[in-house]
file protein31.cif (mmCIF, C-alpha atoms)
data_structure
#
loop_
_atom_site.label_atom_id
_atom_site.label_comp_id
_atom_site.auth_asym_id
_atom_site.auth_seq_id
_atom_site.Cartn_x
_atom_site.Cartn_y
_atom_site.Cartn_z
CA MET A 7 78.83 146.74 81.57
CA ASN A 8 80.64 145.40 84.65
CA LYS A 9 80.35 141.89 86.01
CA MET A 10 77.46 142.88 88.32
CA GLY A 11 75.27 143.63 85.31
CA LYS A 12 73.37 146.77 84.42
CA ALA A 13 71.40 146.88 87.62
CA GLY A 14 74.41 146.05 89.81
CA PHE A 15 77.24 148.17 91.22
CA ASP A 16 80.72 146.96 92.19
CA PRO A 17 82.24 149.53 94.63
CA ILE A 18 85.69 147.98 94.50
CA ALA A 19 85.81 148.15 90.70
CA SER A 20 84.54 151.74 90.85
CA ALA A 21 87.33 152.77 93.22
CA VAL A 22 89.91 151.39 90.80
CA THR A 23 88.45 152.80 87.60
CA HIS A 24 87.55 156.15 89.17
CA PRO A 25 90.48 156.98 91.42
CA GLY A 26 89.35 160.58 91.65
CA LYS A 27 86.27 159.62 93.71
CA PRO A 28 87.54 157.45 96.56
CA ALA A 29 85.14 158.92 99.12
CA SER A 30 82.03 158.00 97.16
CA ALA A 31 83.41 154.57 96.48
CA LEU A 32 84.11 153.97 100.17
CA ALA A 33 80.65 155.26 101.07
CA ALA A 34 79.14 152.88 98.63
CA LEU A 35 81.22 150.08 100.08
CA GLY A 36 79.96 150.94 103.62
CA GLU A 37 76.33 150.96 102.46
CA VAL A 38 76.69 147.52 100.95
CA ALA A 39 78.24 146.28 104.18
CA ARG A 40 75.33 147.71 106.20
CA SER A 41 72.82 146.26 103.76
CA SER A 42 74.57 142.92 103.99
CA ALA A 43 74.41 143.09 107.79
CA ARG A 44 70.68 143.85 107.72
CA THR A 45 70.10 140.98 105.35
CA THR A 46 72.15 138.66 107.56
CA ARG A 47 70.22 139.80 110.65
CA ARG A 48 66.89 139.16 108.95
CA SER A 49 68.12 135.76 107.84
CA VAL A 50 69.19 134.86 111.37
CA LEU A 51 65.85 135.99 112.84
CA ALA A 52 63.97 134.02 110.20
CA ALA A 53 66.06 130.95 110.95
CA VAL A 54 65.43 131.29 114.70
CA ALA A 55 61.69 131.71 114.12
CA ALA A 56 61.68 128.65 111.89
CA LEU A 57 63.55 126.71 114.54
CA PHE A 58 60.97 127.59 117.20
CA THR A 59 58.16 126.72 114.81
CA VAL A 60 59.68 123.34 114.09
CA SER A 61 60.23 122.78 117.81
CA SER A 62 56.62 123.66 118.58
CA VAL A 63 55.30 121.39 115.87
CA GLY A 64 57.59 118.65 117.11
CA ALA A 65 56.36 119.05 120.67
CA TYR A 66 52.73 118.97 119.50
CA ALA A 67 53.41 115.94 117.35
CA GLN A 68 54.70 114.11 120.41
CA GLN A 69 51.23 114.44 122.02
CA THR A 70 49.34 111.45 120.63
CA PRO A 71 45.64 112.38 120.28
CA ILE A 72 43.15 109.92 121.84
CA LYS A 73 39.39 110.39 121.69
CA PHE A 74 37.75 108.61 124.63
CA GLN A 75 34.05 107.69 124.90
CA LEU A 76 32.41 107.23 128.31
CA ASP A 77 29.50 104.88 128.84
CA TRP A 78 27.24 107.46 130.46
CA ARG A 79 26.83 111.05 131.55
CA PHE A 80 29.31 113.00 133.65
CA GLU A 81 28.48 111.49 137.03
CA GLY A 82 30.56 110.43 140.03
CA PRO A 83 32.36 107.43 138.42
CA SER A 84 33.49 109.53 135.45
CA ALA A 85 35.97 111.13 137.86
CA PHE A 86 38.24 108.16 137.14
CA PHE A 87 38.82 109.62 133.67
CA LEU A 88 38.29 113.32 134.28
CA LEU A 89 40.81 113.63 137.13
CA PRO A 90 43.86 112.37 135.17
CA THR A 91 42.77 114.56 132.26
CA ALA A 92 42.45 117.72 134.36
CA ARG A 93 45.61 117.12 136.38
CA GLY A 94 47.70 116.57 133.26
CA TYR A 95 48.57 112.93 133.85
CA PHE A 96 47.71 112.05 130.27
CA LYS A 97 49.75 115.01 129.01
CA ASP A 98 52.66 113.87 131.17
CA ALA A 99 52.38 110.59 129.26
CA LYS A 100 52.57 112.53 125.95
CA LEU A 101 48.88 112.02 125.22
CA ASP A 102 46.25 114.55 124.13
CA VAL A 103 43.11 112.92 125.58
CA THR A 104 39.57 114.20 125.11
CA VAL A 105 36.79 112.58 127.18
CA ASP A 106 33.16 112.72 126.00
CA ALA A 107 29.98 111.76 127.85
CA GLY A 108 28.09 108.73 126.59
CA THR A 109 24.59 107.32 126.16
CA GLY A 110 25.11 103.70 127.19
CA SER A 111 27.60 100.86 126.89
CA GLY A 112 26.19 99.58 123.61
CA ALA A 113 26.64 102.98 122.01
CA ALA A 114 30.16 103.27 123.41
CA VAL A 115 31.16 99.94 121.86
CA THR A 116 29.63 100.91 118.51
CA ARG A 117 31.33 104.30 118.41
CA VAL A 118 34.73 102.81 119.15
CA ALA A 119 34.13 100.07 116.58
CA SER A 120 33.25 102.71 113.96
CA GLY A 121 36.58 104.46 114.53
CA THR A 122 34.90 107.65 115.76
CA TYR A 123 36.66 107.06 119.08
CA ASP A 124 40.02 105.42 119.77
CA MET A 125 39.17 104.12 123.23
CA GLY A 126 36.18 103.92 125.52
CA PHE A 127 34.51 102.64 128.66
CA ALA A 128 31.80 99.99 128.35
CA ASP A 129 30.16 96.97 129.93
CA LEU A 130 32.08 93.80 129.06
CA ALA A 131 28.86 91.94 128.26
CA ALA A 132 27.99 94.57 125.65
CA LEU A 133 31.44 94.17 124.12
CA MET A 134 31.10 90.38 124.05
CA GLU A 135 27.71 90.63 122.39
CA PHE A 136 29.06 92.97 119.71
CA HIS A 137 31.89 90.56 118.93
CA ALA A 138 29.61 87.55 118.67
CA ASN A 139 26.94 89.29 116.60
CA ASN A 140 29.41 90.98 114.24
CA PRO A 141 31.98 88.26 113.51
CA ASP A 142 33.06 89.90 110.25
CA ALA A 143 33.36 93.45 111.58
CA PRO A 144 36.87 94.70 110.73
CA ASN A 145 37.40 96.87 113.80
CA LYS A 146 35.99 95.02 116.82
CA PRO A 147 37.15 96.76 120.03
CA VAL A 148 39.20 94.85 122.57
CA ALA A 149 39.10 95.15 126.38
CA VAL A 150 42.49 96.18 127.76
CA MET A 151 41.78 96.89 131.46
CA MET A 152 39.16 95.79 133.97
CA VAL A 153 37.66 98.61 136.06
CA TYR A 154 34.35 97.31 137.45
CA ASN A 155 35.41 93.86 138.59
CA ASN A 156 31.77 93.03 139.35
CA THR A 157 28.69 94.01 137.41
CA PRO A 158 26.96 96.94 139.14
CA ALA A 159 23.59 95.41 138.19
CA SER A 160 21.10 94.65 140.91
CA VAL A 161 17.38 94.23 141.50
CA MET A 162 15.89 97.00 143.63
CA SER A 163 12.44 97.09 145.20
CA LEU A 164 10.62 98.86 148.00
CA ARG A 165 10.54 96.83 151.19
CA LYS A 166 6.78 97.24 151.43
CA THR A 167 6.40 94.91 148.43
CA GLY A 168 7.70 92.04 150.57
CA ILE A 169 10.54 91.18 148.18
CA LYS A 170 13.31 89.97 150.47
CA VAL A 171 15.07 87.24 148.47
CA PRO A 172 15.40 86.67 144.73
CA SER A 173 12.73 83.95 144.58
CA ASP A 174 10.18 86.51 145.81
CA LEU A 175 10.36 88.12 142.35
CA THR A 176 8.33 85.32 140.76
CA GLY A 177 5.21 86.78 139.16
CA LYS A 178 6.18 90.36 139.97
CA ARG A 179 6.15 93.39 137.65
CA MET A 180 9.75 94.14 136.68
CA GLY A 181 10.74 97.44 135.10
CA ALA A 182 13.78 98.60 133.12
CA PRO A 183 14.72 100.00 129.71
CA VAL A 184 15.02 97.20 127.15
CA PHE A 185 18.76 97.82 126.75
CA ASP A 186 19.52 97.90 130.48
CA ALA A 187 22.46 95.63 131.33
CA GLY A 188 20.69 94.21 134.37
CA ARG A 189 17.55 93.44 132.42
CA ARG A 190 19.47 91.75 129.63
CA ALA A 191 21.40 89.62 132.12
CA PHE A 192 18.33 88.89 134.25
CA PRO A 193 17.92 85.35 132.82
CA LEU A 194 21.24 84.48 134.51
CA PHE A 195 20.03 85.93 137.80
CA GLN A 196 16.72 84.15 137.30
CA LYS A 197 18.34 80.80 136.64
CA ALA A 198 20.85 81.08 139.48
CA ASN A 199 18.08 81.81 141.99
CA ASN A 200 15.21 79.62 140.74
CA ILE A 201 12.97 82.57 139.96
CA GLY A 202 9.76 81.83 138.09
CA PRO A 203 8.29 83.95 135.25
CA VAL A 204 8.14 87.73 135.73
CA ASN A 205 6.25 90.45 133.86
CA TRP A 206 8.51 93.02 132.21
CA ILE A 207 7.50 96.63 131.67
CA ALA A 208 9.75 98.79 129.50
CA MET A 209 10.35 102.52 130.00
CA ASP A 210 12.86 105.26 129.21
CA PRO A 211 15.76 105.51 131.69
CA PRO A 212 14.53 108.71 133.43
CA LEU A 213 11.22 107.01 134.32
CA ARG A 214 12.64 103.83 135.85
CA GLU A 215 13.04 104.99 139.45
CA THR A 216 9.94 107.20 139.24
CA MET A 217 7.77 104.23 138.31
CA LEU A 218 9.15 102.18 141.20
CA ALA A 219 8.58 105.02 143.65
CA ARG A 220 4.98 105.39 142.43
CA GLY A 221 4.31 101.67 142.62
CA ASP A 222 3.83 101.23 138.88
CA VAL A 223 6.32 98.33 139.04
CA ASP A 224 7.32 96.03 141.90
CA ALA A 225 11.05 95.99 141.18
CA ILE A 226 13.61 97.37 138.76
CA THR A 227 17.00 96.37 137.44
CA GLY A 228 19.79 98.90 137.17
CA PHE A 229 23.25 99.85 138.33
CA THR A 230 23.10 100.07 142.12
CA PHE A 231 25.03 103.31 142.40
CA THR A 232 22.79 104.93 139.79
CA SER A 233 19.28 103.75 140.65
CA LEU A 234 19.65 103.74 144.43
CA LEU A 235 20.59 107.42 144.57
CA ASN A 236 18.03 108.30 141.91
CA LEU A 237 15.36 106.76 144.15
CA GLU A 238 16.54 108.87 147.04
CA ALA A 239 16.34 111.96 144.84
CA ARG A 240 12.67 111.06 144.25
CA GLY A 241 11.90 111.07 147.93
CA VAL A 242 12.45 107.39 148.76
CA LYS A 243 14.36 106.68 151.96
CA LEU A 244 17.26 104.32 151.43
CA GLU A 245 16.22 102.19 154.39
CA ASP A 246 12.98 101.51 152.52
CA VAL A 247 14.81 100.00 149.53
CA SER A 248 15.73 96.33 149.17
CA VAL A 249 18.81 95.71 147.03
CA LEU A 250 19.72 92.32 145.55
CA PRO A 251 23.12 92.70 143.82
CA TYR A 252 23.79 90.22 141.03
CA ALA A 253 27.35 89.69 142.29
CA ASP A 254 26.05 88.56 145.70
CA ASN A 255 23.43 86.26 144.25
CA GLY A 256 25.22 83.81 142.00
CA VAL A 257 25.98 86.02 138.98
CA LYS A 258 29.73 86.71 138.74
CA LEU A 259 29.71 88.81 135.61
CA TYR A 260 32.43 91.37 135.07
CA GLY A 261 31.33 94.98 134.67
CA ASN A 262 32.88 97.87 132.79
CA VAL A 263 36.22 97.72 131.02
CA ILE A 264 38.44 100.11 129.08
CA ILE A 265 38.27 99.21 125.40
CA ALA A 266 40.43 100.17 122.43
CA THR A 267 40.36 99.80 118.66
CA PRO A 268 42.58 97.18 117.03
CA ARG A 269 44.10 99.99 114.98
CA ILE A 270 45.50 101.89 117.96
CA LEU A 271 46.64 98.64 119.58
CA LYS A 272 48.62 97.77 116.47
CA GLU A 273 49.85 101.19 115.36
CA GLN A 274 50.35 102.95 118.71
CA PRO A 275 50.77 100.30 121.42
CA GLU A 276 52.94 102.56 123.57
CA ALA A 277 50.20 105.19 123.60
CA VAL A 278 47.77 102.60 124.97
CA ARG A 279 50.24 101.55 127.65
CA ALA A 280 50.83 105.19 128.54
CA PHE A 281 47.08 105.80 128.78
CA LEU A 282 46.56 102.87 131.16
CA ASN A 283 49.49 103.91 133.33
CA ALA A 284 48.16 107.47 133.60
CA PHE A 285 44.67 106.14 134.30
CA ALA A 286 45.94 103.92 137.12
CA ARG A 287 47.83 106.88 138.56
CA GLY A 288 44.65 108.92 138.61
CA ALA A 289 42.49 106.04 139.86
CA ARG A 290 44.67 105.75 142.95
CA GLU A 291 43.89 109.38 143.81
CA VAL A 292 40.17 109.04 143.08
CA ILE A 293 39.87 106.06 145.41
CA ALA A 294 41.86 107.82 148.12
CA ASN A 295 39.81 111.04 148.01
CA PRO A 296 36.48 110.77 146.15
CA ALA A 297 35.22 114.14 147.42
CA ALA A 298 38.17 115.99 145.89
CA ALA A 299 37.84 114.04 142.64
CA ILE A 300 34.24 115.18 142.15
CA GLU A 301 35.48 118.72 141.53
CA PHE A 302 36.72 117.55 138.13
CA VAL A 303 33.27 116.18 137.30
CA ARG A 304 31.71 119.50 138.32
CA GLN A 305 34.10 121.28 135.96
CA ARG A 306 32.62 119.30 133.06
CA ASP A 307 28.99 119.53 134.21
CA GLY A 308 28.28 122.53 136.41
CA ILE A 309 24.74 121.44 137.33
CA ILE A 310 25.66 118.24 139.18
CA ASN A 311 25.08 117.90 142.91
CA PRO A 312 28.63 117.41 144.24
CA ALA A 313 27.52 115.81 147.50
CA LEU A 314 25.25 113.34 145.66
CA GLU A 315 27.90 112.49 143.08
CA THR A 316 30.51 111.98 145.79
CA ARG A 317 28.22 109.40 147.36
CA ARG A 318 27.63 107.80 143.96
CA LEU A 319 31.36 107.57 143.36
CA GLN A 320 32.01 106.11 146.82
CA LEU A 321 29.26 103.55 146.29
CA ALA A 322 30.80 102.51 142.98
CA ILE A 323 34.22 102.16 144.61
CA ASP A 324 32.86 100.06 147.48
CA THR A 325 30.67 97.74 145.40
CA VAL A 326 32.42 97.10 142.09
CA ILE A 327 35.97 98.55 142.16
CA ASN A 328 37.35 97.73 145.60
CA SER A 329 35.25 94.57 145.89
CA PRO A 330 36.45 91.26 147.36
CA ASP A 331 36.75 89.83 143.83
CA ALA A 332 38.82 92.82 142.69
CA ARG A 333 41.18 92.52 145.65
CA ALA A 334 41.56 88.79 144.96
CA GLU A 335 42.24 89.16 141.23
CA GLY A 336 44.05 92.49 141.27
CA PHE A 337 42.87 95.85 139.97
CA GLY A 338 42.70 95.99 136.19
CA GLN A 339 43.04 92.23 135.74
CA VAL A 340 40.73 89.27 135.14
CA ASN A 341 40.53 85.66 136.13
CA ARG A 342 40.74 83.62 132.94
CA LYS A 343 38.36 80.91 134.13
CA ARG A 344 35.78 83.47 135.19
CA LEU A 345 36.16 85.33 131.88
CA THR A 346 35.59 82.12 129.90
CA GLN A 347 32.52 81.31 131.96
CA MET A 348 31.11 84.78 131.35
CA ALA A 349 31.68 84.39 127.61
CA ALA A 350 29.65 81.17 127.61
CA GLN A 351 26.87 82.79 129.66
CA VAL A 352 26.61 85.80 127.36
CA SER A 353 26.50 83.53 124.31
CA GLU A 354 23.60 81.60 125.83
CA VAL A 355 21.55 84.38 127.40
CA PHE A 356 21.93 86.90 124.57
CA SER A 357 21.45 84.20 121.88
CA THR A 358 24.38 85.55 119.89
CA LYS A 359 24.98 84.66 116.25
CA THR A 360 28.31 83.02 117.10
CA PRO A 361 29.84 81.93 120.42
CA VAL A 362 31.79 84.58 122.31
CA ASN A 363 35.54 84.02 122.09
CA ALA A 364 37.02 85.13 125.41
CA ASP A 365 40.50 85.38 123.90
CA ALA A 366 39.26 87.78 121.22
CA VAL A 367 37.60 90.26 123.56
CA TRP A 368 40.36 90.62 126.16
CA THR A 369 44.11 91.20 126.26
CA ASP A 370 46.39 91.97 129.19
CA ALA A 371 49.34 92.83 126.93
CA PHE A 372 49.06 96.57 127.60
CA LEU A 373 48.49 96.56 131.35
CA PRO A 374 50.80 98.50 133.67
CA SER A 375 53.08 96.64 136.05
CA ARG A 376 51.59 94.95 139.10
CA ASP A 377 53.14 97.63 141.28
CA ALA A 378 51.40 100.34 139.26
CA LEU A 379 48.11 98.45 139.54
CA ASN A 380 48.43 97.98 143.29
CA ILE A 381 46.05 100.85 144.05
CA LEU A 382 43.25 99.25 146.08
CA PRO A 383 43.27 100.01 149.79
CA ALA A 384 43.14 97.13 152.23
CA LYS A 385 39.72 96.07 153.42
CA LYS A 386 38.66 98.09 156.42
#
call {"tool": "encode", "arguments": {"input": "protein31.cif", "output": "structure tokens"}}
result
Amino acid sequence: MNKMGKAGFDPIASAVTHPGKPASALAALGEVARSSARTTRRSVLAAVAALFTVSSVGAYAQQTPIKFQLDWRFEGPSAFFLLPTARGYFKDAKLDVTVDAGTGSGAAVTRVASGTYDMGFADLAALMEFHANNPDAPNKPVAVMMVYNNTPASVMSLRKTGIKVPSDLTGKRMGAPVFDAGRRAFPLFQKANNIGPVNWIAMDPPLRETMLARGDVDAITGFTFTSLLNLEARGVKLEDVSVLPYADNGVKLYGNVIIATPRILKEQPEAVRAFLNAFARGAREVIANPAAAIEFVRQRDGIINPALETRRLQLAIDTVINSPDARAEGFGQVNRKRLTQMAAQVSEVFSTKTPVNADAVWTDAFLPSRDALNILPAKK
């Protein structure tokens, strides 16, 4: 047996020990060379394939996944999140962002707190209430950027009811879902405007504007850019509607904020910063051209009325995003004194288990630079 073993064959040894058969030995030597070449080629191809696989996995791994929960359905204002998603601004920031429709601010806060979502969009008052009523919760979300500098809540009525100023609401039938932000904050509006007792009637959200249009209630609370256009869709002329915005009548509550879990803030702070930078980049474009931005909402919900949602988006921009308060404080930012005052008001009106700690619900540590946040157009 030679050194290759029984199953092996050494062509060089064969050529030496069998000098009478040089041709066969050389042929055998050539076959081994060709076999070796094929093996080498397969090895190289396998190595290249492995390299591309590793590269692809590496590229995918660089895209940090973020699940984002909206506060409501895919309507005009959701363009602020859908545009940067569709145009790849989040991907440019090495983020893999998925945006889901919501069912209300309270639900958005709860879902982020549960860890089902990494970030979300919710009313700051709802976030404050969650903090104060769940002091021992391990994963209380934190607000990282202000978007609606003023609460969109207002009281709306038909002019024929004779409600012209807030005090006219005394004794009237008020309608709203029990969880409506405007209804929950109404005691602040009531106190600020010396309004006497009112009679509340609860209903599901789809019935709110219908009941006002039919005269089943005298006034409703709701987000202006939602209820006002819903009334119009029910045949009510806008000139026949009286609107009393909370922000213009002594109630300086902040509105919706971007929230994030403590886990992502601690473990992936750069991902949060990248998200907010990409969001601000997209927000600039939404504000500049709302009509174009609505296309990205239509892509997510094909049954929307683009013209109606463009108006809704523009109304949101004009009333709560590019508001005088927002221009004074800066987009994305808050006034610390105003924030502290809101925390005290929420503690009192919502009768929370513990006082709201303004420092616990808000951080500006992840905000983009002031230049990046300078996206609001000058007042016309």
call {"tool": "resolve_selection", "arguments": {"input": "protein31.cif", "expression": "the PyMOL selection byres ((chain A and resi 140) around 12)", "output": "list in words"}}
result
Val115, Thr116, Ala119, Leu133, Met134, Glu135, Phe136, His137, Ala138, Asn139, Pro141, Asp142, Ala143, Pro144, Asn145, Lys146, Pro147, Thr358, Lys359, Thr360, Pro361 and Val362 of chain A
call {"tool": "closest_residue", "arguments": {"input": "protein31.cif", "among": "A:Val105, A:Met151, A:Ala298, A:Ala219", "to": "Ser84 in chain A", "atoms": "all atoms listed in the file"}}
result
A:Val105
call {"tool": "closest_residue", "arguments": {"input": "protein31.cif", "among": "A:Val257, A:Ala280, A:Ala297, A:Val204", "to": "Ala225 in chain A", "atoms": "only C-alpha atoms"}}
result
A:Val204
call {"tool": "closest_residue", "arguments": {"input": "protein31.cif", "among": "A:Ser375, A:Asn205, A:Thr230, A:Ser353", "to": "Arg279 in chain A", "atoms": "all atoms listed in the file"}}
result
A:Ser375
call {"tool": "resolve_selection", "arguments": {"input": "protein31.cif", "expression": "the PyMOL selection byres ((chain A and resi 125) around 10)", "output": "JSON, numbers by chain"}}
result
{"A": [72, 73, 74, 75, 76, 103, 105, 114, 115, 117, 118, 119, 121, 122, 123, 124, 126, 127, 128, 147, 148, 149, 150, 264, 265, 266, 267, 268, 270, 271, 278, 281]}
call {"tool": "atom_distance", "arguments": {"input": "protein31.cif", "atom1": "CA of Ala85 in chain A", "atom2": "CA of Met217 in chain A"}}
result
29.0 Å
call {"tool": "resolve_selection", "arguments": {"input": "protein31.cif", "expression": "the PyMOL selection byres ((chain A and resi 383) around 9)", "output": "PyMOL selection string"}}
result
chain A and resi 293-294+328+333+380-382+384-386
call {"tool": "atom_distance", "arguments": {"input": "protein31.cif", "atom1": "CA of Pro193 in chain A", "atom2": "CA of Val171 in chain A"}}
result
16.0 Å
call {"tool": "closest_residue", "arguments": {"input": "protein31.cif", "among": "A:Arg342, A:Lys197, A:Lys170, A:Arg79", "to": "Tyr260 in chain A", "atoms": "all atoms listed in the file"}}
result
A:Arg342
call {"tool": "residues_around", "arguments": {"input": "protein31.cif", "residues": "Gly261 in chain A", "least_positions_apart": "3", "cutoff": "6 Å", "atoms": "only C-alpha atoms", "output": "JSON, numbers by chain"}}
result
{"A": [129, 130, 154, 155, 156, 157]}
call {"tool": "closest_residue", "arguments": {"input": "protein31.cif", "among": "A:Arg318, A:Arg290, A:Arg306, A:Arg376", "to": "Pro90 in chain A", "atoms": "all atoms listed in the file"}}
result
A:Arg290
call {"tool": "atom_distance", "arguments": {"input": "protein31.cif", "atom1": "CA of Leu213 in chain A", "atom2": "CA of Ala107 in chain A"}}
result
20.4 Å
call {"tool": "residues_around", "arguments": {"input": "protein31.cif", "residues": "range 173-177 of chain A", "least_positions_apart": "5", "cutoff": "6 Å", "atoms": "all atoms listed in the file", "output": "PyMOL selection string"}}
result
chain A and resi 201-204
call {"tool": "residues_near_point", "arguments": {"input": "protein31.cif", "point": "(21.1, 92.8, 140.4)", "cutoff": "9 Å", "atoms": "all atoms listed in the file", "output": "mmCIF file with C-alpha atoms, in the coordinates of the input"}}
result
data_model
loop_
_atom_site.group_PDB
_atom_site.id
_atom_site.type_symbol
_atom_site.label_atom_id
_atom_site.label_comp_id
_atom_site.auth_asym_id
_atom_site.auth_seq_id
_atom_site.Cartn_x
_atom_site.Cartn_y
_atom_site.Cartn_z
ATOM 1 C CA THR A 157 28.690 94.010 137.410
ATOM 2 C CA PRO A 158 26.960 96.940 139.140
ATOM 3 C CA ALA A 159 23.590 95.410 138.190
ATOM 4 C CA SER A 160 21.100 94.650 140.910
ATOM 5 C CA VAL A 161 17.380 94.230 141.500
ATOM 6 C CA MET A 162 15.890 97.000 143.630
ATOM 7 C CA GLY A 188 20.690 94.210 134.370
ATOM 8 C CA ARG A 189 17.550 93.440 132.420
ATOM 9 C CA ALA A 191 21.400 89.620 132.120
ATOM 10 C CA PHE A 192 18.330 88.890 134.250
ATOM 11 C CA PHE A 195 20.030 85.930 137.800
ATOM 12 C CA ILE A 226 13.610 97.370 138.760
ATOM 13 C CA THR A 227 17.000 96.370 137.440
ATOM 14 C CA GLY A 228 19.790 98.900 137.170
ATOM 15 C CA PHE A 229 23.250 99.850 138.330
ATOM 16 C CA THR A 230 23.100 100.070 142.120
ATOM 17 C CA VAL A 249 18.810 95.710 147.030
ATOM 18 C CA LEU A 250 19.720 92.320 145.550
ATOM 19 C CA PRO A 251 23.120 92.700 143.820
ATOM 20 C CA TYR A 252 23.790 90.220 141.030
ATOM 21 C CA ALA A 253 27.350 89.690 142.290
ATOM 22 C CA ASP A 254 26.050 88.560 145.700
ATOM 23 C CA ASN A 255 23.430 86.260 144.250
ATOM 24 C CA VAL A 257 25.980 86.020 138.980
#
call {"tool": "closest_residue", "arguments": {"input": "protein31.cif", "among": "A:Lys243, A:Pro172, A:Gly288, A:Ala113", "to": "Ala198 in chain A", "atoms": "all atoms listed in the file"}}
result
A:Pro172
call {"tool": "residues_around", "arguments": {"input": "protein31.cif", "residues": "Gln305 in chain A", "least_positions_apart": "2", "cutoff": "12 Å", "atoms": "all atoms listed in the file", "output": "ChimeraX atom specification"}}
result
/A:80-81,84-85,88-89,91-92,298-303,307-312
call {"tool": "residues_around", "arguments": {"input": "protein31.cif", "residues": "Pro183 in chain A", "least_positions_apart": "6", "cutoff": "8 Å", "atoms": "only C-alpha atoms", "output": "list in words"}}
result
Arg189, Ala208, Met209, Asp210, Pro211 and Arg214 of chain A
call {"tool": "write_last_selection", "arguments": {"input": "protein31.cif", "atoms": "C-alpha atoms", "output": "CSV table (one decimal), keeping the file's coordinate frame"}}
result
chain,number,residue,atom,x,y,z
A,189,ARG,CA,17.6,93.4,132.4
A,208,ALA,CA,9.8,98.8,129.5
A,209,MET,CA,10.4,102.5,130.0
A,210,ASP,CA,12.9,105.3,129.2
A,211,PRO,CA,15.8,105.5,131.7
A,214,ARG,CA,12.6,103.8,135.8
call {"tool": "build_atoms", "arguments": {"input": "protein31.cif", "residues": "range 139-153 of chain A", "atoms": "N, CA and C atoms", "output": "PDB file, keeping the file's coordinate frame"}}
result
ATOM      1  N   ASN A 139      27.969  88.977 117.600  1.00  0.00           N
ATOM      2  CA  ASN A 139      26.940  89.290 116.600  1.00  0.00           C
ATOM      3  C   ASN A 139      27.501  89.975 115.365  1.00  0.00           C
ATOM      4  N   ASN A 140      28.774  90.337 115.394  1.00  0.00           N
ATOM      5  CA  ASN A 140      29.410  90.980 114.240  1.00  0.00           C
ATOM      6  C   ASN A 140      30.762  90.302 113.965  1.00  0.00           C
ATOM      7  N   PRO A 141      30.720  88.997 113.666  1.00  0.00           N
ATOM      8  CA  PRO A 141      31.980  88.260 113.510  1.00  0.00           C
ATOM      9  C   PRO A 141      32.873  88.770 112.395  1.00  0.00           C
ATOM     10  N   ASP A 142      32.271  89.423 111.383  1.00  0.00           N
ATOM     11  CA  ASP A 142      33.060  89.900 110.250  1.00  0.00           C
ATOM     12  C   ASP A 142      33.412  91.380 110.340  1.00  0.00           C
ATOM     13  N   ALA A 143      33.033  92.027 111.435  1.00  0.00           N
ATOM     14  CA  ALA A 143      33.360  93.450 111.580  1.00  0.00           C
ATOM     15  C   ALA A 143      34.881  93.619 111.610  1.00  0.00           C
ATOM     16  N   PRO A 144      35.408  94.569 110.838  1.00  0.00           N
ATOM     17  CA  PRO A 144      36.870  94.700 110.730  1.00  0.00           C
ATOM     18  C   PRO A 144      37.544  95.378 111.920  1.00  0.00           C
ATOM     19  N   ASN A 145      36.780  96.039 112.766  1.00  0.00           N
ATOM     20  CA  ASN A 145      37.400  96.870 113.800  1.00  0.00           C
ATOM     21  C   ASN A 145      36.753  96.613 115.171  1.00  0.00           C
ATOM     22  N   LYS A 146      36.633  95.351 115.539  1.00  0.00           N
ATOM     23  CA  LYS A 146      35.990  95.020 116.820  1.00  0.00           C
ATOM     24  C   LYS A 146      36.877  95.468 117.982  1.00  0.00           C
ATOM     25  N   PRO A 147      36.351  96.288 118.896  1.00  0.00           N
ATOM     26  CA  PRO A 147      37.150  96.760 120.030  1.00  0.00           C
ATOM     27  C   PRO A 147      37.585  95.612 120.932  1.00  0.00           C
ATOM     28  N   VAL A 148      38.651  95.846 121.661  1.00  0.00           N
ATOM     29  CA  VAL A 148      39.200  94.850 122.570  1.00  0.00           C
ATOM     30  C   VAL A 148      39.306  95.462 123.970  1.00  0.00           C
ATOM     31  N   ALA A 149      38.964  94.688 125.002  1.00  0.00           N
ATOM     32  CA  ALA A 149      39.100  95.150 126.380  1.00  0.00           C
ATOM     33  C   ALA A 149      40.556  95.053 126.803  1.00  0.00           C
ATOM     34  N   VAL A 150      41.071  96.143 127.394  1.00  0.00           N
ATOM     35  CA  VAL A 150      42.490  96.180 127.760  1.00  0.00           C
ATOM     36  C   VAL A 150      42.714  96.402 129.254  1.00  0.00           C
ATOM     37  N   MET A 151      41.650  96.750 130.007  1.00  0.00           N
ATOM     38  CA  MET A 151      41.780  96.890 131.460  1.00  0.00           C
ATOM     39  C   MET A 151      40.418  96.726 132.116  1.00  0.00           C
ATOM     40  N   MET A 152      40.381  95.946 133.195  1.00  0.00           N
ATOM     41  CA  MET A 152      39.160  95.790 133.970  1.00  0.00           C
ATOM     42  C   MET A 152      39.062  96.919 134.999  1.00  0.00           C
ATOM     43  N   VAL A 153      37.876  97.543 135.081  1.00  0.00           N
ATOM     44  CA  VAL A 153      37.660  98.610 136.060  1.00  0.00           C
ATOM     45  C   VAL A 153      36.580  98.211 137.066  1.00  0.00           C
TER      46      VAL A 153
END
